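> Just one file: my_file30.txt, with compact mmCIF, C-alpha atoms and all ligand atoms.
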# COMPACT_ATOMS: atom_id res chain seq x y z
CA MET A 776 -12.22 -13.98 -11.44
CA THR A 777 -13.44 -17.20 -9.87
CA GLY A 778 -16.39 -17.43 -12.24
CA GLY A 779 -14.74 -20.00 -14.48
CA LEU A 780 -13.60 -22.11 -11.56
CA MET A 781 -16.99 -22.00 -9.89
CA SER A 782 -18.83 -23.10 -13.00
CA THR A 783 -16.24 -25.88 -13.28
CA ASN A 784 -16.98 -26.93 -9.72
CA GLN A 785 -20.64 -27.31 -10.60
CA HIS A 786 -19.50 -30.38 -12.46
CA ILE A 787 -17.75 -31.88 -9.46
CA ASP A 788 -19.18 -34.04 -6.68
CA LEU A 789 -16.82 -35.03 -3.87
CA HIS A 790 -19.13 -37.16 -1.72
CA LEU A 791 -20.82 -40.16 -3.35
CA HIS A 792 -21.82 -43.62 -2.18
CA THR A 793 -22.26 -46.83 -4.20
CA THR A 794 -23.56 -50.32 -3.49
CA ALA A 795 -20.09 -51.07 -2.09
CA SER A 796 -21.53 -49.46 1.06
CA ASP A 797 -25.10 -48.20 1.42
CA GLY A 798 -25.65 -46.42 -1.90
CA ARG A 799 -28.22 -47.63 -4.39
CA LEU A 800 -26.21 -47.38 -7.61
CA THR A 801 -23.44 -49.80 -8.49
CA PRO A 802 -20.07 -48.14 -9.20
CA ALA A 803 -20.74 -48.55 -12.93
CA GLU A 804 -24.24 -47.04 -12.65
CA LEU A 805 -22.87 -44.12 -10.65
CA VAL A 806 -20.28 -43.40 -13.35
CA LEU A 807 -22.99 -43.40 -16.02
CA ALA A 808 -25.24 -41.15 -13.92
CA ALA A 809 -22.33 -38.73 -13.39
CA ARG A 810 -21.67 -38.68 -17.13
CA GLN A 811 -25.30 -37.90 -17.86
CA LEU A 812 -24.99 -34.90 -15.54
CA LYS A 813 -21.79 -33.92 -17.39
CA LEU A 814 -19.73 -34.21 -14.24
CA THR A 815 -16.00 -34.04 -14.93
CA LEU A 816 -14.69 -35.20 -11.57
CA ILE A 817 -16.17 -37.27 -8.76
CA ALA A 818 -14.93 -38.78 -5.52
CA ILE A 819 -16.30 -42.14 -4.44
CA THR A 820 -16.47 -42.11 -0.66
CA ASP A 821 -18.10 -45.32 0.53
CA HIS A 822 -18.35 -46.11 4.23
CA ASP A 823 -15.27 -48.04 5.38
CA THR A 824 -14.53 -49.61 2.00
CA THR A 825 -12.77 -48.76 -1.23
CA ALA A 826 -14.20 -51.81 -3.01
CA GLY A 827 -16.26 -49.80 -5.52
CA ILE A 828 -13.42 -47.66 -6.82
CA PRO A 829 -11.50 -49.99 -9.18
CA GLU A 830 -14.73 -50.90 -11.03
CA ALA A 831 -15.71 -47.25 -11.33
CA GLN A 832 -12.28 -46.26 -12.60
CA ALA A 833 -12.25 -49.08 -15.13
CA ILE A 834 -15.62 -48.00 -16.52
CA ALA A 835 -14.98 -44.26 -16.39
CA LYS A 836 -11.56 -44.27 -18.04
CA GLY A 837 -11.11 -40.65 -16.98
CA ASN A 838 -14.65 -39.53 -17.90
CA PRO A 839 -15.30 -38.49 -15.24
CA VAL A 840 -12.00 -38.44 -13.35
CA ILE A 841 -12.40 -40.43 -10.12
CA ILE A 842 -10.68 -39.40 -6.91
CA PRO A 843 -10.16 -42.47 -4.71
CA GLY A 844 -11.89 -41.66 -1.46
CA ILE A 845 -13.42 -43.15 1.66
CA GLU A 846 -15.76 -42.16 4.46
CA LEU A 847 -14.27 -43.57 7.62
CA SER A 848 -16.52 -44.26 10.62
CA THR A 849 -15.05 -43.16 13.91
CA ALA A 850 -16.62 -42.43 17.28
CA ASP A 851 -16.10 -39.76 19.86
CA ASN A 852 -17.72 -40.52 23.23
CA GLY A 853 -20.29 -42.72 21.53
CA HIS A 854 -21.11 -40.08 18.90
CA ASP A 855 -20.58 -40.86 15.23
CA VAL A 856 -17.85 -38.87 13.56
CA HIS A 857 -17.32 -39.49 9.85
CA LEU A 858 -14.05 -38.56 8.19
CA LEU A 859 -13.66 -38.23 4.45
CA GLY A 860 -10.32 -39.32 3.02
CA TYR A 861 -9.31 -38.07 -0.45
CA PHE A 862 -6.54 -39.25 -2.78
CA ILE A 863 -5.95 -42.34 -0.69
CA ASP A 864 -3.65 -45.10 -1.91
CA LEU A 865 -5.95 -48.08 -2.45
CA ASP A 866 -3.03 -50.50 -2.35
CA TYR A 867 -1.75 -49.41 1.04
CA ALA A 868 -1.92 -52.65 3.06
CA GLY A 869 -2.26 -50.85 6.40
CA LEU A 870 -5.50 -49.26 5.25
CA GLN A 871 -6.99 -52.42 3.75
CA ASP A 872 -6.06 -54.42 6.88
CA SER A 873 -7.82 -51.90 9.11
CA LEU A 874 -10.87 -51.82 6.86
CA ARG A 875 -11.08 -55.61 6.94
CA ASP A 876 -11.00 -55.50 10.76
CA PHE A 877 -13.84 -52.93 10.74
CA ARG A 878 -15.93 -55.07 8.41
CA ASP A 879 -15.42 -58.16 10.56
CA ALA A 880 -16.35 -56.18 13.67
CA ARG A 881 -19.37 -54.72 11.88
CA ASP A 882 -20.52 -58.12 10.70
CA ASN A 883 -20.10 -59.64 14.16
CA ARG A 884 -22.04 -56.81 15.67
CA ALA A 885 -24.86 -57.14 13.13
CA ARG A 886 -25.08 -60.86 13.87
CA ARG A 887 -25.27 -60.15 17.59
CA ILE A 888 -28.09 -57.66 16.97
CA VAL A 889 -29.99 -60.31 15.00
CA ASN A 890 -29.54 -62.70 17.96
CA ARG A 891 -30.71 -60.05 20.38
CA LEU A 892 -33.83 -59.43 18.29
CA ASP A 893 -34.51 -63.13 18.42
CA GLU A 894 -34.37 -62.97 22.23
CA LEU A 895 -36.83 -60.08 22.07
CA ASN A 896 -39.23 -62.27 20.05
CA LEU A 897 -38.58 -60.25 16.90
CA PRO A 898 -37.02 -62.93 14.74
CA ILE A 899 -35.37 -62.07 11.45
CA THR A 900 -32.92 -64.25 9.59
CA TRP A 901 -29.36 -63.36 8.70
CA GLU A 902 -30.19 -64.29 5.10
CA GLN A 903 -32.94 -61.64 4.99
CA VAL A 904 -30.54 -59.00 6.30
CA ALA A 905 -27.84 -60.00 3.83
CA LYS A 906 -30.37 -59.84 1.02
CA VAL A 907 -31.37 -56.32 2.01
CA ALA A 908 -27.71 -55.26 2.14
CA ASN A 909 -27.26 -56.65 -1.35
CA GLY A 910 -23.55 -57.40 -0.95
CA GLY A 911 -22.74 -54.16 0.87
CA ALA A 912 -21.46 -53.74 4.42
CA ILE A 913 -24.27 -54.73 6.77
CA GLY A 914 -25.44 -52.14 9.25
CA ARG A 915 -28.40 -51.21 11.41
CA PRO A 916 -30.41 -49.71 8.50
CA HIS A 917 -30.40 -53.10 6.76
CA ILE A 918 -31.53 -54.83 9.94
CA ALA A 919 -34.29 -52.24 10.31
CA GLN A 920 -35.48 -52.95 6.77
CA ALA A 921 -35.50 -56.68 7.43
CA MET A 922 -37.62 -55.98 10.53
CA VAL A 923 -40.10 -54.08 8.36
CA GLN A 924 -40.23 -56.97 5.89
CA ALA A 925 -40.83 -59.41 8.75
CA GLY A 926 -43.75 -57.26 9.91
CA HIS A 927 -42.25 -56.43 13.33
CA VAL A 928 -42.39 -52.68 12.72
CA ARG A 929 -44.18 -50.43 10.22
CA ASN A 930 -41.10 -48.63 8.98
CA VAL A 931 -37.38 -48.12 9.45
CA SER A 932 -37.85 -45.14 11.79
CA GLU A 933 -40.00 -47.21 14.12
CA ALA A 934 -37.31 -49.93 14.20
CA PHE A 935 -34.75 -47.34 15.29
CA GLU A 936 -37.03 -45.49 17.71
CA LYS A 937 -38.15 -48.65 19.50
CA TYR A 938 -35.22 -51.05 19.32
CA LEU A 939 -32.07 -50.07 17.45
CA TYR A 940 -31.28 -46.61 18.82
CA THR A 941 -27.98 -46.13 20.65
CA GLY A 942 -28.52 -47.73 24.05
CA GLY A 943 -31.80 -49.30 22.91
CA PRO A 944 -33.00 -52.86 23.67
CA ALA A 945 -31.41 -54.28 20.52
CA TYR A 946 -28.36 -52.02 20.48
CA ILE A 947 -24.88 -53.53 20.53
CA ALA A 948 -21.91 -51.19 20.84
CA ARG A 949 -19.08 -51.50 18.40
CA LYS A 950 -15.45 -50.77 19.07
CA ARG A 951 -14.40 -48.01 16.76
CA LEU A 952 -11.51 -45.74 15.94
CA THR A 953 -11.27 -42.37 17.60
CA PRO A 954 -11.34 -39.39 15.21
CA GLU A 955 -7.63 -38.86 15.89
CA GLN A 956 -6.88 -42.46 14.88
CA GLY A 957 -9.02 -42.00 11.78
CA VAL A 958 -7.08 -38.91 10.70
CA ALA A 959 -3.81 -40.80 11.21
CA LEU A 960 -5.03 -43.80 9.20
CA ILE A 961 -6.08 -41.59 6.28
CA HIS A 962 -2.70 -39.82 6.34
CA ASP A 963 -0.87 -43.16 6.48
CA ALA A 964 -2.76 -44.13 3.33
CA GLY A 965 -1.52 -40.94 1.64
CA GLY A 966 -4.91 -39.25 1.89
CA VAL A 967 -6.25 -35.90 3.05
CA ALA A 968 -8.58 -36.04 6.09
CA ILE A 969 -11.76 -33.96 6.12
CA LEU A 970 -14.48 -33.82 8.78
CA ALA A 971 -17.67 -34.94 6.99
CA HIS A 972 -21.01 -33.14 7.44
CA PRO A 973 -20.12 -31.27 10.66
CA GLY A 974 -23.80 -30.31 10.94
CA LEU A 975 -24.50 -33.91 12.01
CA VAL A 976 -21.69 -33.94 14.58
CA THR A 977 -22.39 -33.13 18.22
CA ASP A 978 -20.37 -30.06 19.22
CA TYR A 979 -18.48 -29.94 15.93
CA GLU A 980 -16.71 -26.70 16.85
CA SER A 981 -14.71 -28.09 19.73
CA LEU A 982 -14.10 -31.29 17.75
CA VAL A 983 -12.63 -29.34 14.82
CA ILE A 984 -10.42 -27.32 17.16
CA ARG A 985 -9.30 -30.50 18.91
CA LEU A 986 -8.52 -32.27 15.63
CA VAL A 987 -6.42 -29.49 14.13
CA PRO A 988 -3.29 -30.49 16.09
CA ALA A 989 -4.05 -34.13 15.17
CA GLY A 990 -3.68 -33.12 11.52
CA LEU A 991 -7.24 -32.56 10.32
CA ASP A 992 -6.93 -31.04 6.85
CA GLY A 993 -10.38 -29.66 6.18
CA VAL A 994 -14.11 -29.45 6.83
CA GLU A 995 -17.03 -30.34 4.57
CA ILE A 996 -18.91 -27.06 4.44
CA MET A 997 -21.21 -27.58 1.45
CA HIS A 998 -23.36 -30.51 2.58
CA PRO A 999 -27.17 -30.86 2.53
CA LYS A 1000 -27.29 -31.36 6.32
CA ASN A 1001 -25.30 -28.21 7.17
CA THR A 1002 -27.62 -25.28 7.87
CA ALA A 1003 -26.74 -21.77 6.63
CA GLU A 1004 -25.71 -20.87 10.16
CA ILE A 1005 -23.41 -23.87 10.46
CA ARG A 1006 -21.88 -23.13 7.06
CA ALA A 1007 -21.13 -19.57 8.14
CA ARG A 1008 -19.42 -20.81 11.31
CA LEU A 1009 -17.46 -23.43 9.34
CA TRP A 1010 -16.13 -20.77 6.97
CA GLU A 1011 -14.78 -18.92 9.99
CA LEU A 1012 -13.21 -22.06 11.41
CA ALA A 1013 -11.66 -22.92 8.03
CA GLU A 1014 -10.18 -19.45 7.86
CA ASP A 1015 -8.91 -19.38 11.44
CA TYR A 1016 -7.33 -22.83 11.35
CA HIS A 1017 -6.25 -22.93 7.69
CA LEU A 1018 -8.55 -25.83 6.89
CA ILE A 1019 -9.56 -26.79 3.36
CA PRO A 1020 -13.28 -26.16 2.77
CA THR A 1021 -14.92 -28.95 0.76
CA GLY A 1022 -18.38 -30.03 -0.27
CA GLY A 1023 -20.44 -32.77 -1.87
CA SER A 1024 -23.95 -34.16 -2.19
CA ASP A 1025 -23.48 -37.27 0.03
CA PHE A 1026 -25.53 -39.05 -2.62
CA HIS A 1027 -27.04 -42.40 -1.60
CA ASN A 1028 -30.22 -42.53 -3.69
CA GLU A 1029 -32.66 -40.14 -5.36
CA GLU A 1030 -35.06 -40.08 -2.40
CA ARG A 1031 -32.36 -38.76 -0.09
CA GLY A 1032 -31.22 -36.18 -2.64
CA PRO A 1033 -29.72 -35.88 -6.10
CA ILE A 1034 -26.12 -36.14 -7.26
CA ALA A 1035 -24.29 -32.79 -7.43
CA SER A 1036 -26.80 -31.06 -5.15
CA GLU A 1037 -23.90 -29.12 -3.62
CA VAL A 1038 -21.07 -27.26 -5.34
CA PRO A 1039 -17.61 -27.67 -3.78
CA PRO A 1040 -15.89 -24.37 -2.89
CA ALA A 1041 -13.69 -22.87 -5.61
CA GLY A 1042 -10.16 -24.23 -5.63
CA CYS A 1043 -10.85 -26.98 -3.13
CA VAL A 1044 -9.83 -29.86 -5.41
CA GLU A 1045 -6.50 -28.16 -6.12
CA ARG A 1046 -5.92 -27.65 -2.40
CA LEU A 1047 -6.81 -31.27 -1.63
CA GLN A 1048 -4.43 -32.45 -4.30
CA ALA A 1049 -1.59 -30.23 -3.08
CA GLN A 1050 -2.14 -31.39 0.50
CA ALA A 1051 -2.16 -35.05 -0.58
CA GLN A 1052 1.34 -34.60 -1.97
CA ARG A 1053 2.52 -34.02 1.59
CA TYR A 1054 1.23 -37.38 2.75
CA ARG A 1055 2.38 -39.46 -0.19
CA ARG A 1056 4.61 -42.15 1.14
CA GLN A 1057 8.27 -42.03 0.11
CA SER A 1058 8.43 -45.74 -0.70
CA GLY A 1059 5.83 -45.42 -3.49
ZN ZN A 1101 -21.53 -39.69 6.86
ZN ZN A 1102 -21.53 -40.04 3.14
Is it possible to express this structure as structure tokens?
Ligand SMILES: [Zn+2]
Ligand SMILES: [Zn+2]

Amino acid sequence: MTGGLMSTNQHIDLHLHTTASDGRLTPAELVLAARQLKLTLIAITDHDTTAGIPEAQAIAKGNPVIIPGIELSTADNGHDVHLLGYFIDLDYAGLQDSLRDFRDARDNRARRIVNRLDELNLPITWEQVAKVANGGAIGRPHIAQAMVQAGHVRNVSEAFEKYLYTGGPAYIARKRLTPEQGVALIHDAGGVAILAHPGLVTDYESLVIRLVPAGLDGVEIMHPKNTAEIRARLWELAEDYHLIPTGGSDFHNEERGPIASEVPPAGCVERLQAQAQRYRRQSG
């Protein structure tokens, strides 16, 4: 019965990054890559920005269909919690204002990390870091790469293990949204809020249960970082709390894993779409 739908879903990827955040392909290149794979529908979910979406939509012209999405960074007790937002209204000023604040905060923080490295006798220049980021939002991975280029460390892992880890000598905390605030922001923008890659979230079970009353709409079950055991538990949670199960490749570049490496659960796009109707703002 679901055979047709499942084979259809093999041509869907709901979690993709572009150069607008930390992906390697430009929005246009991503659209062309998706076409080559015969994908019919993709969601662009860059970290804290929707900047890649208009370009992708203009190039794609419906082939593939592009769901406007985002991956919002929030924090729970210092732990990263990423929320995927689907069918968001790109023109909603409240969302764009918040995203601009995040970017400013992120930029300030990155600059402070560069200063701190200087104090630690590990000088890198802001220009080097910006060059590595290639126009995208600057984060710790870009700083780590600049440190490799400057010869301070052998590789990105060493930069994190020695200096950039949370609480490390070159770590600067950043004020971030709570997951509850993130869910509310996605809803305000007319979008559906999904907990991204729960397998990477500390104590995801209690977080999911806590976020249900805050309006969490679903959980990303099919994700490369979710083990079989975690997926099984997530299916139970989705069932018990009426959450929409979703999935996607979380594509950044070929080394990390290919596009469409995961198949979204049958019917999930329809459920996301139906749920988004509930959040659409009356004013239009
Ligand atoms: Zn993520
Ligand atoms: Zn992602």
> Leaving out Leu897 in chain A and any residue of its chain fewer than 5 positions from it, which residues lie within 8 Å of it when counting only C-alpha atoms, given as a VMD selection string?
chain A and resid 892 922 927
> Tell me which of A:Gly993, A:Pro829, A:Gly965, A:Pro954 sits closest to His857 in chain A, counting all atoms listed in the file.
A:Pro954
> Using only C-alpha atoms for the distances, tell me which of A:His822, A:Arg875, A:Arg985, A:Arg799 is nearest to Ala908 in chain A.
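For Ala908 in chain A, the nearest of the given residues is A:Arg799.
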> 10 Å from ligand ZN 1101 (chain A) is the threshold here; counting only C-alpha atoms and all ligand atoms, which polymer residues fall inside it? Answer as a list of chain:residue names.
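Taking only C-alpha atoms and all ligand atoms into account, the residues around ligand ZN 1101 (chain A) at most 10 Å away are A:His790, A:His792, A:Thr820, A:Asp821, A:His822, A:Glu846, A:Leu847, A:Ser848, A:Asp855, A:Val856, A:His857, A:Leu858, A:Leu859, A:Leu970, A:Ala971, A:His972, A:Pro973, A:Leu975, A:Val976, A:Asp1025.
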> Skipping near chain neighbours, those fewer than 5 positions away, what residues fall within 12 Å of Arg1006 in chain A using only C-alpha atoms, listed as a list in words?
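What passes the distance filter is His972, Pro973, Gly974, Tyr979, Glu980, Val994, Glu995, Ile996, Met997, His998, Pro999, Lys1000, Asn1001, Glu1011, Leu1012, Ala1013, Pro1020, Thr1021, Gly1022 and Pro1040 of chain A.
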